[in-house]
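Data block for entry12.cif (mmCIF, N, CA and C atoms and all ligand atoms):
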```cif
data_model
loop_
_atom_site.label_atom_id
_atom_site.label_comp_id
_atom_site.auth_asym_id
_atom_site.auth_seq_id
_atom_site.Cartn_x
_atom_site.Cartn_y
_atom_site.Cartn_z
N MET A 1 43.27 -42.09 160.62
CA MET A 1 43.17 -41.13 159.52
C MET A 1 44.22 -40.02 159.71
N ASN A 2 44.89 -39.64 158.63
CA ASN A 2 45.93 -38.63 158.81
C ASN A 2 45.32 -37.23 158.92
N PRO A 3 46.04 -36.32 159.57
CA PRO A 3 45.49 -34.98 159.84
C PRO A 3 45.08 -34.24 158.57
N GLU A 4 45.81 -34.44 157.48
CA GLU A 4 45.47 -33.74 156.23
C GLU A 4 44.08 -34.14 155.74
N ALA A 5 43.78 -35.45 155.84
CA ALA A 5 42.47 -35.94 155.42
C ALA A 5 41.38 -35.39 156.34
N LEU A 6 41.69 -35.28 157.63
CA LEU A 6 40.72 -34.75 158.58
C LEU A 6 40.43 -33.28 158.29
N LEU A 7 41.49 -32.55 157.93
CA LEU A 7 41.31 -31.12 157.64
C LEU A 7 40.41 -30.90 156.42
N ALA A 8 40.37 -31.90 155.54
CA ALA A 8 39.54 -31.79 154.35
C ALA A 8 38.07 -32.09 154.67
N ALA A 9 37.83 -32.68 155.85
CA ALA A 9 36.46 -33.00 156.27
C ALA A 9 35.74 -31.71 156.70
N PRO A 10 34.40 -31.75 156.78
CA PRO A 10 33.67 -30.55 157.21
C PRO A 10 34.03 -30.12 158.63
N SER A 11 33.79 -28.86 158.94
CA SER A 11 34.09 -28.39 160.30
C SER A 11 33.07 -28.98 161.27
N LEU A 12 33.44 -28.97 162.55
CA LEU A 12 32.56 -29.57 163.56
C LEU A 12 31.42 -28.64 163.96
N GLU A 13 31.45 -27.43 163.41
CA GLU A 13 30.49 -26.40 163.80
C GLU A 13 29.03 -26.88 163.72
N ASN A 14 28.71 -27.61 162.66
CA ASN A 14 27.32 -28.02 162.47
C ASN A 14 26.96 -29.30 163.20
N GLN A 15 27.94 -29.87 163.90
CA GLN A 15 27.68 -31.13 164.61
C GLN A 15 27.13 -30.89 166.01
N PHE A 16 27.18 -29.63 166.44
CA PHE A 16 26.71 -29.29 167.78
C PHE A 16 25.51 -28.35 167.69
N PRO A 17 24.60 -28.35 168.68
CA PRO A 17 24.59 -29.20 169.87
C PRO A 17 24.37 -30.67 169.56
N LEU A 18 24.89 -31.47 170.45
CA LEU A 18 24.87 -32.90 170.27
C LEU A 18 23.98 -33.48 171.38
N GLU A 19 23.08 -34.36 171.00
CA GLU A 19 22.18 -34.89 172.02
C GLU A 19 22.24 -36.41 172.06
N PHE A 20 22.40 -36.94 173.27
CA PHE A 20 22.45 -38.39 173.44
C PHE A 20 21.03 -38.94 173.60
N HIS A 21 20.92 -40.26 173.47
CA HIS A 21 19.62 -40.91 173.58
C HIS A 21 18.98 -40.70 174.95
N ASN A 22 19.82 -40.55 175.99
CA ASN A 22 19.25 -40.35 177.33
C ASN A 22 18.92 -38.88 177.61
N GLY A 23 19.08 -38.03 176.59
CA GLY A 23 18.71 -36.62 176.76
C GLY A 23 19.87 -35.72 177.13
N PHE A 24 21.02 -36.31 177.50
CA PHE A 24 22.18 -35.49 177.84
C PHE A 24 22.63 -34.72 176.60
N ARG A 25 22.84 -33.41 176.78
CA ARG A 25 23.10 -32.55 175.65
C ARG A 25 24.44 -31.83 175.82
N ILE A 26 25.21 -31.79 174.78
CA ILE A 26 26.46 -31.04 174.80
C ILE A 26 26.32 -29.89 173.82
N ALA A 27 26.34 -28.68 174.36
CA ALA A 27 26.10 -27.49 173.53
C ALA A 27 27.24 -27.27 172.55
N THR A 28 28.45 -27.37 173.05
CA THR A 28 29.60 -27.17 172.18
C THR A 28 30.85 -27.74 172.84
N LEU A 29 31.90 -27.85 172.10
CA LEU A 29 33.17 -28.29 172.67
C LEU A 29 34.17 -27.16 172.48
N ALA A 30 35.03 -27.00 173.46
CA ALA A 30 36.08 -25.99 173.33
C ALA A 30 37.38 -26.69 172.95
N PHE A 31 38.05 -26.15 171.95
CA PHE A 31 39.32 -26.73 171.52
C PHE A 31 40.46 -25.75 171.74
N TRP A 32 41.59 -26.29 172.17
CA TRP A 32 42.77 -25.48 172.37
C TRP A 32 43.92 -26.03 171.56
N CYS A 33 44.80 -25.16 171.14
CA CYS A 33 46.00 -25.61 170.45
C CYS A 33 46.87 -26.35 171.47
N LEU A 34 47.33 -27.53 171.10
CA LEU A 34 48.12 -28.33 172.03
C LEU A 34 49.55 -27.82 172.13
N SER A 35 49.90 -26.87 171.28
CA SER A 35 51.25 -26.33 171.31
C SER A 35 51.30 -24.95 171.98
N CYS A 36 50.51 -23.99 171.48
CA CYS A 36 50.59 -22.62 172.02
C CYS A 36 49.45 -22.32 172.98
N ASP A 37 48.47 -23.24 173.08
CA ASP A 37 47.38 -23.12 174.04
C ASP A 37 46.33 -22.05 173.73
N LYS A 38 46.34 -21.55 172.55
CA LYS A 38 45.30 -20.57 172.16
C LYS A 38 44.01 -21.32 171.82
N ALA A 39 42.88 -20.66 172.06
CA ALA A 39 41.59 -21.27 171.74
C ALA A 39 41.42 -21.37 170.23
N ILE A 40 40.84 -22.47 169.79
CA ILE A 40 40.59 -22.64 168.36
C ILE A 40 39.08 -22.73 168.16
N PRO A 41 38.50 -21.81 167.37
CA PRO A 41 37.05 -21.85 167.17
C PRO A 41 36.60 -23.14 166.50
N LEU A 42 35.41 -23.59 166.86
CA LEU A 42 34.86 -24.84 166.36
C LEU A 42 34.83 -24.86 164.82
N ALA A 43 34.60 -23.69 164.22
CA ALA A 43 34.53 -23.60 162.76
C ALA A 43 35.86 -23.97 162.11
N LYS A 44 36.96 -23.86 162.89
CA LYS A 44 38.29 -24.15 162.36
C LYS A 44 38.74 -25.58 162.66
N VAL A 45 37.87 -26.31 163.39
CA VAL A 45 38.19 -27.69 163.73
C VAL A 45 37.44 -28.60 162.76
N HIS A 46 38.18 -29.42 162.04
CA HIS A 46 37.56 -30.28 161.03
C HIS A 46 37.70 -31.74 161.43
N GLY A 47 36.68 -32.52 161.07
CA GLY A 47 36.78 -33.94 161.36
C GLY A 47 35.44 -34.63 161.37
N HIS A 48 35.39 -35.70 162.14
CA HIS A 48 34.20 -36.55 162.13
C HIS A 48 33.65 -36.75 163.53
N VAL A 49 32.34 -36.81 163.62
CA VAL A 49 31.67 -37.13 164.87
C VAL A 49 30.86 -38.39 164.58
N GLY A 50 31.16 -39.44 165.31
CA GLY A 50 30.47 -40.69 165.03
C GLY A 50 30.09 -41.42 166.29
N SER A 51 29.19 -42.36 166.15
CA SER A 51 28.73 -43.10 167.31
C SER A 51 28.66 -44.59 166.98
N ILE A 52 29.35 -45.41 167.79
CA ILE A 52 29.26 -46.86 167.60
C ILE A 52 28.31 -47.44 168.63
N MET A 53 28.26 -46.78 169.80
CA MET A 53 27.32 -47.19 170.84
C MET A 53 26.41 -46.01 171.15
N LYS A 54 25.20 -46.31 171.62
CA LYS A 54 24.24 -45.25 171.93
C LYS A 54 24.77 -44.25 172.95
N SER A 55 25.60 -44.77 173.89
CA SER A 55 26.03 -43.92 175.01
C SER A 55 27.35 -43.19 174.75
N VAL A 56 27.94 -43.44 173.59
CA VAL A 56 29.27 -42.89 173.32
C VAL A 56 29.32 -42.19 171.97
N VAL A 57 29.95 -41.03 171.95
CA VAL A 57 30.17 -40.33 170.68
C VAL A 57 31.67 -40.08 170.54
N ASP A 58 32.21 -40.49 169.42
CA ASP A 58 33.63 -40.32 169.16
C ASP A 58 33.88 -39.11 168.28
N VAL A 59 34.82 -38.29 168.68
CA VAL A 59 35.19 -37.14 167.87
C VAL A 59 36.64 -37.33 167.42
N THR A 60 36.84 -37.37 166.13
CA THR A 60 38.18 -37.44 165.56
C THR A 60 38.35 -36.17 164.74
N ALA A 61 39.27 -35.32 165.13
CA ALA A 61 39.36 -34.04 164.45
C ALA A 61 40.78 -33.52 164.37
N ALA A 62 40.96 -32.53 163.52
CA ALA A 62 42.25 -31.87 163.38
C ALA A 62 42.01 -30.38 163.18
N ALA A 63 42.98 -29.58 163.62
CA ALA A 63 42.88 -28.14 163.42
C ALA A 63 44.28 -27.60 163.27
N SER A 64 44.44 -26.74 162.29
CA SER A 64 45.76 -26.14 162.17
C SER A 64 45.70 -24.75 162.79
N CYS A 65 46.64 -24.49 163.67
CA CYS A 65 46.68 -23.25 164.44
C CYS A 65 47.53 -22.21 163.71
N PRO A 66 47.19 -20.92 163.87
CA PRO A 66 48.03 -19.88 163.26
C PRO A 66 49.51 -19.99 163.67
N CYS A 67 49.79 -20.61 164.82
CA CYS A 67 51.18 -20.76 165.27
C CYS A 67 51.93 -21.79 164.42
N GLY A 68 51.19 -22.52 163.58
CA GLY A 68 51.84 -23.49 162.71
C GLY A 68 51.68 -24.94 163.16
N HIS A 69 51.17 -25.13 164.38
CA HIS A 69 51.02 -26.48 164.89
C HIS A 69 49.76 -27.13 164.31
N LEU A 70 49.91 -28.37 163.89
CA LEU A 70 48.77 -29.13 163.39
C LEU A 70 48.28 -30.02 164.53
N ASN A 71 47.11 -29.69 165.05
CA ASN A 71 46.57 -30.42 166.20
C ASN A 71 45.70 -31.59 165.77
N ARG A 72 45.83 -32.67 166.52
CA ARG A 72 44.94 -33.81 166.29
C ARG A 72 44.18 -34.07 167.57
N TYR A 73 42.92 -34.35 167.44
CA TYR A 73 42.10 -34.60 168.63
C TYR A 73 41.38 -35.94 168.51
N ARG A 74 41.42 -36.70 169.60
CA ARG A 74 40.61 -37.91 169.69
C ARG A 74 39.86 -37.78 170.99
N ILE A 75 38.56 -37.57 170.92
CA ILE A 75 37.77 -37.35 172.13
C ILE A 75 36.59 -38.31 172.12
N ARG A 76 36.34 -38.90 173.27
CA ARG A 76 35.20 -39.81 173.40
C ARG A 76 34.25 -39.23 174.44
N LEU A 77 33.07 -38.85 173.99
CA LEU A 77 32.08 -38.24 174.89
C LEU A 77 31.08 -39.29 175.34
N HIS A 78 30.81 -39.33 176.64
CA HIS A 78 29.88 -40.31 177.18
C HIS A 78 28.61 -39.63 177.67
N ASP A 79 27.50 -40.38 177.65
CA ASP A 79 26.22 -39.78 178.05
C ASP A 79 26.09 -39.56 179.56
N ASP A 80 27.13 -39.95 180.34
CA ASP A 80 27.08 -39.68 181.78
C ASP A 80 27.90 -38.43 182.10
N ALA A 81 28.12 -37.60 181.10
CA ALA A 81 28.82 -36.31 181.24
C ALA A 81 30.32 -36.46 181.48
N THR A 82 30.87 -37.64 181.21
CA THR A 82 32.31 -37.77 181.30
C THR A 82 32.87 -37.76 179.87
N CYS A 83 34.14 -37.48 179.78
CA CYS A 83 34.74 -37.58 178.46
C CYS A 83 36.15 -38.13 178.58
N THR A 84 36.57 -38.83 177.56
CA THR A 84 37.88 -39.44 177.53
C THR A 84 38.60 -38.88 176.33
N TYR A 85 39.87 -38.58 176.48
CA TYR A 85 40.59 -38.10 175.31
C TYR A 85 42.02 -38.62 175.30
N LEU A 86 42.55 -38.63 174.11
CA LEU A 86 43.90 -39.15 173.92
C LEU A 86 44.90 -38.02 174.13
N LYS A 87 45.78 -38.23 175.14
CA LYS A 87 46.78 -37.20 175.45
C LYS A 87 48.13 -37.90 175.55
N ASN A 88 49.05 -37.51 174.71
CA ASN A 88 50.38 -38.14 174.66
C ASN A 88 50.28 -39.66 174.56
N GLY A 89 49.34 -40.14 173.75
CA GLY A 89 49.23 -41.58 173.54
C GLY A 89 48.47 -42.33 174.62
N GLU A 90 47.96 -41.61 175.66
CA GLU A 90 47.23 -42.29 176.72
C GLU A 90 45.82 -41.73 176.84
N TRP A 91 44.87 -42.62 177.19
CA TRP A 91 43.49 -42.16 177.35
C TRP A 91 43.33 -41.55 178.74
N VAL A 92 42.84 -40.34 178.79
CA VAL A 92 42.61 -39.62 180.04
C VAL A 92 41.10 -39.42 180.18
N THR A 93 40.58 -39.65 181.39
CA THR A 93 39.15 -39.45 181.61
C THR A 93 38.93 -38.20 182.45
N GLU A 94 38.00 -37.40 182.02
CA GLU A 94 37.62 -36.21 182.78
C GLU A 94 36.11 -36.19 182.90
N GLY A 95 35.64 -35.59 183.98
CA GLY A 95 34.19 -35.49 184.14
C GLY A 95 33.80 -35.53 185.58
N LYS A 96 32.52 -35.83 185.84
CA LYS A 96 32.00 -35.71 187.19
C LYS A 96 32.67 -36.69 188.16
N GLY A 97 33.06 -37.86 187.65
CA GLY A 97 33.64 -38.88 188.51
C GLY A 97 34.92 -38.44 189.19
N ASN A 98 35.77 -37.75 188.45
CA ASN A 98 37.05 -37.34 189.04
C ASN A 98 37.25 -35.84 188.87
N ALA A 99 36.17 -35.11 189.10
CA ALA A 99 36.23 -33.65 188.93
C ALA A 99 37.33 -33.02 189.79
N ASN A 100 37.57 -33.61 190.98
CA ASN A 100 38.58 -33.04 191.88
C ASN A 100 39.98 -33.25 191.35
N LYS A 101 40.13 -34.25 190.53
CA LYS A 101 41.46 -34.55 190.01
C LYS A 101 41.79 -33.71 188.78
N LEU A 102 40.81 -32.95 188.32
CA LEU A 102 41.05 -32.09 187.16
C LEU A 102 42.23 -31.16 187.45
N SER A 103 43.07 -31.01 186.52
CA SER A 103 44.18 -30.09 186.71
C SER A 103 43.61 -28.67 186.79
N LEU A 104 44.38 -27.79 187.35
CA LEU A 104 43.96 -26.39 187.46
C LEU A 104 43.60 -25.87 186.07
N PHE A 105 44.39 -26.29 185.13
CA PHE A 105 44.19 -25.87 183.76
C PHE A 105 42.87 -26.38 183.21
N GLY A 106 42.60 -27.64 183.47
CA GLY A 106 41.35 -28.25 183.03
C GLY A 106 40.16 -27.52 183.62
N ARG A 107 40.28 -27.17 184.92
CA ARG A 107 39.19 -26.47 185.59
C ARG A 107 38.98 -25.09 184.99
N LEU A 108 40.09 -24.43 184.71
CA LEU A 108 40.04 -23.10 184.12
C LEU A 108 39.32 -23.15 182.78
N ARG A 109 39.64 -24.18 182.02
CA ARG A 109 39.01 -24.34 180.71
C ARG A 109 37.53 -24.57 180.84
N LEU A 110 37.15 -25.42 181.82
CA LEU A 110 35.74 -25.69 182.04
C LEU A 110 35.02 -24.41 182.43
N GLN A 111 35.67 -23.63 183.33
CA GLN A 111 35.06 -22.38 183.76
C GLN A 111 34.86 -21.43 182.59
N LEU A 112 35.87 -21.37 181.74
CA LEU A 112 35.78 -20.51 180.56
C LEU A 112 34.63 -20.96 179.67
N LEU A 113 34.50 -22.28 179.54
CA LEU A 113 33.43 -22.84 178.71
C LEU A 113 32.08 -22.47 179.30
N PHE A 114 31.95 -22.60 180.63
CA PHE A 114 30.69 -22.27 181.28
C PHE A 114 30.38 -20.79 181.14
N LEU A 115 31.42 -19.97 181.30
CA LEU A 115 31.25 -18.52 181.15
C LEU A 115 30.72 -18.21 179.76
N TRP A 116 31.32 -18.90 178.79
CA TRP A 116 30.94 -18.68 177.41
C TRP A 116 29.48 -19.08 177.20
N ILE A 117 29.10 -20.25 177.77
CA ILE A 117 27.72 -20.73 177.63
C ILE A 117 26.76 -19.74 178.30
N ARG A 118 27.16 -19.24 179.51
CA ARG A 118 26.30 -18.30 180.22
C ARG A 118 26.14 -17.02 179.42
N TRP A 119 27.23 -16.60 178.81
CA TRP A 119 27.21 -15.40 178.00
C TRP A 119 26.24 -15.57 176.83
N LYS A 120 26.32 -16.75 176.19
CA LYS A 120 25.42 -17.07 175.08
C LYS A 120 23.98 -17.05 175.57
N CYS A 121 23.74 -17.65 176.76
CA CYS A 121 22.39 -17.72 177.31
C CYS A 121 21.89 -16.32 177.61
N TYR A 122 22.78 -15.46 178.10
CA TYR A 122 22.42 -14.10 178.43
C TYR A 122 21.90 -13.39 177.17
N TRP A 123 22.63 -13.56 176.08
CA TRP A 123 22.23 -12.89 174.83
C TRP A 123 20.94 -13.47 174.27
N LEU A 124 20.78 -14.77 174.45
CA LEU A 124 19.57 -15.43 173.99
C LEU A 124 18.37 -14.90 174.77
N ALA A 125 18.54 -14.82 176.11
CA ALA A 125 17.47 -14.34 176.97
C ALA A 125 17.13 -12.90 176.62
N ARG A 126 18.16 -12.11 176.35
CA ARG A 126 17.99 -10.70 176.04
C ARG A 126 17.21 -10.55 174.72
N THR A 127 17.60 -11.35 173.73
CA THR A 127 16.91 -11.31 172.45
C THR A 127 15.45 -11.69 172.61
N LEU A 128 15.21 -12.73 173.42
CA LEU A 128 13.83 -13.18 173.65
C LEU A 128 13.00 -12.07 174.29
N ARG A 129 13.64 -11.37 175.27
CA ARG A 129 12.92 -10.29 175.96
C ARG A 129 12.54 -9.20 174.97
N ILE A 130 13.46 -8.87 174.07
CA ILE A 130 13.20 -7.83 173.08
C ILE A 130 12.05 -8.25 172.17
N ILE A 131 12.07 -9.52 171.75
CA ILE A 131 11.00 -10.04 170.89
C ILE A 131 9.66 -9.96 171.62
N GLN A 132 9.66 -10.37 172.91
CA GLN A 132 8.43 -10.34 173.70
C GLN A 132 7.91 -8.92 173.85
N ARG A 133 8.83 -7.98 174.09
CA ARG A 133 8.45 -6.59 174.27
C ARG A 133 7.81 -6.05 172.99
N ASP A 134 8.46 -6.34 171.87
CA ASP A 134 7.92 -5.90 170.58
C ASP A 134 6.53 -6.47 170.35
N PHE A 135 6.38 -7.74 170.71
CA PHE A 135 5.11 -8.43 170.53
C PHE A 135 4.02 -7.72 171.35
N ARG A 136 4.37 -7.41 172.64
CA ARG A 136 3.41 -6.75 173.51
C ARG A 136 3.04 -5.38 172.95
N GLU A 137 4.05 -4.67 172.49
CA GLU A 137 3.81 -3.32 171.97
C GLU A 137 2.90 -3.39 170.74
N LYS A 138 3.16 -4.34 169.88
CA LYS A 138 2.38 -4.49 168.66
C LYS A 138 0.93 -4.82 168.98
N HIS A 139 0.72 -5.60 170.04
CA HIS A 139 -0.63 -6.06 170.37
C HIS A 139 -1.24 -5.29 171.51
N GLY A 140 -0.57 -4.23 171.92
CA GLY A 140 -1.10 -3.37 172.97
C GLY A 140 -1.26 -4.05 174.32
N LEU A 141 -0.39 -5.05 174.58
CA LEU A 141 -0.47 -5.76 175.87
C LEU A 141 0.39 -5.02 176.90
N PRO A 142 0.01 -5.13 178.18
CA PRO A 142 0.79 -4.43 179.21
C PRO A 142 2.18 -5.05 179.38
N HIS A 143 3.12 -4.24 179.79
CA HIS A 143 4.48 -4.72 180.07
C HIS A 143 4.50 -5.37 181.44
N ASP A 144 5.33 -6.36 181.59
CA ASP A 144 5.46 -6.96 182.93
C ASP A 144 6.88 -6.80 183.44
N GLY A 145 7.36 -5.60 183.34
CA GLY A 145 8.70 -5.31 183.86
C GLY A 145 9.63 -5.54 182.77
ZN ZN B 1 49.05 -22.90 168.30
#
```
Any chance you could put this one into structure tokens?
Amino acid sequence: MNPEALLAAPSLENQFPLEFHNGFRIATLAFWCLSCDKAIPLAKVHGHVGSIMKSVVDVTAAASCPCGHLNRYRIRLHDDATCTYLKNGEWVTEGKGNANKLSLFGRLRLQLLFLWIRWKCYWLARTLRIIQRDFREKHGLPHDG
């Protein structure tokens, strides 16, 4: 599919979190411009998420970056927490199996992703605490710290 047609498809934003049949869950995917390396928000990435096998999810997407580069992504996510993607015409595998072989850049990206997820979790936990506190106050229950 050509990038223009992919850009006309819905954004990937509503496709995540993604859950496999074995329970493995992917909260979100981080996308980078393949030319200038800036992060591209999921809402700006358009394309399709499909599954031919229970254990595999294929992501075909495109995103146009403010730098002018039109990015194309072909990513294959597996339920064993590995992922394969098309880079310069070759399939590259990343994940737990060859975590040590991850480039410094790949590791940095993963760390950024984890930081982002932790940050999200922090805000979620904080919101929950506020809701719980309000609930206790409304019902006159004691605080537990
Ligand atoms: Zn760019």
Name the residues, by chain letter and number, that sit within 9 Å of ligand ZN 1 (chain B) using only C-alpha atoms and all ligand atoms, and give them as a PyMOL selection string.
-> chain A and resi 32-40+64-71
As JSON, please report the centre and edge lengths, rounded to one decimal in Å, of the axis-aligned box that holds all listed atoms of stretch 62-80 of chain A with 3 Å of padding on each of the six sides.
```
{"center_x": 39.0, "center_y": -30.1, "center_z": 172.1, "size_x": 31.8, "size_y": 26.5, "size_z": 25.9}
```
Do a neighbour search on stretch 48-54 of chain A at 7 Å with only N, CA and C atoms, toss out local chain neighbours closer than 2 positions, and write the hits as a PyMOL selection string.
-> chain A and resi 6+9-10+12+20-22+46+56-62+79
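From atom CA of A:Ser55 back to atom C of A:Phe31, the distance works out to 23.4 Å.
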Among listed residues A:Glu94, A:Glu13, A:Glu19, A:Glu137, nearest A:Leu42 (using all atoms listed in the file) = A:Glu13
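Reported to one decimal place, the separation of atom CA of A:Lys87 from atom CA of A:Tyr73 is 8.7 Å.
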Atom pair atom CA of A:Ile26 / atom CA of A:Leu124: separation (Å) | 17.1 Å
For each of A:Val45, A:Leu77, A:Leu110, A:Ile131, take the minimum atom-to-atom distance to A:Arg25, counting only C-alpha atoms, then give the residue where this is smallest.
-> A:Leu77
Quick one: pick out all helix (DSSP H, G or I) residues within stretch 3-81 of chain A from a backbone DSSP run and write them as a PyMOL selection string.
-> chain A and resi 3-8+12-15+42-44
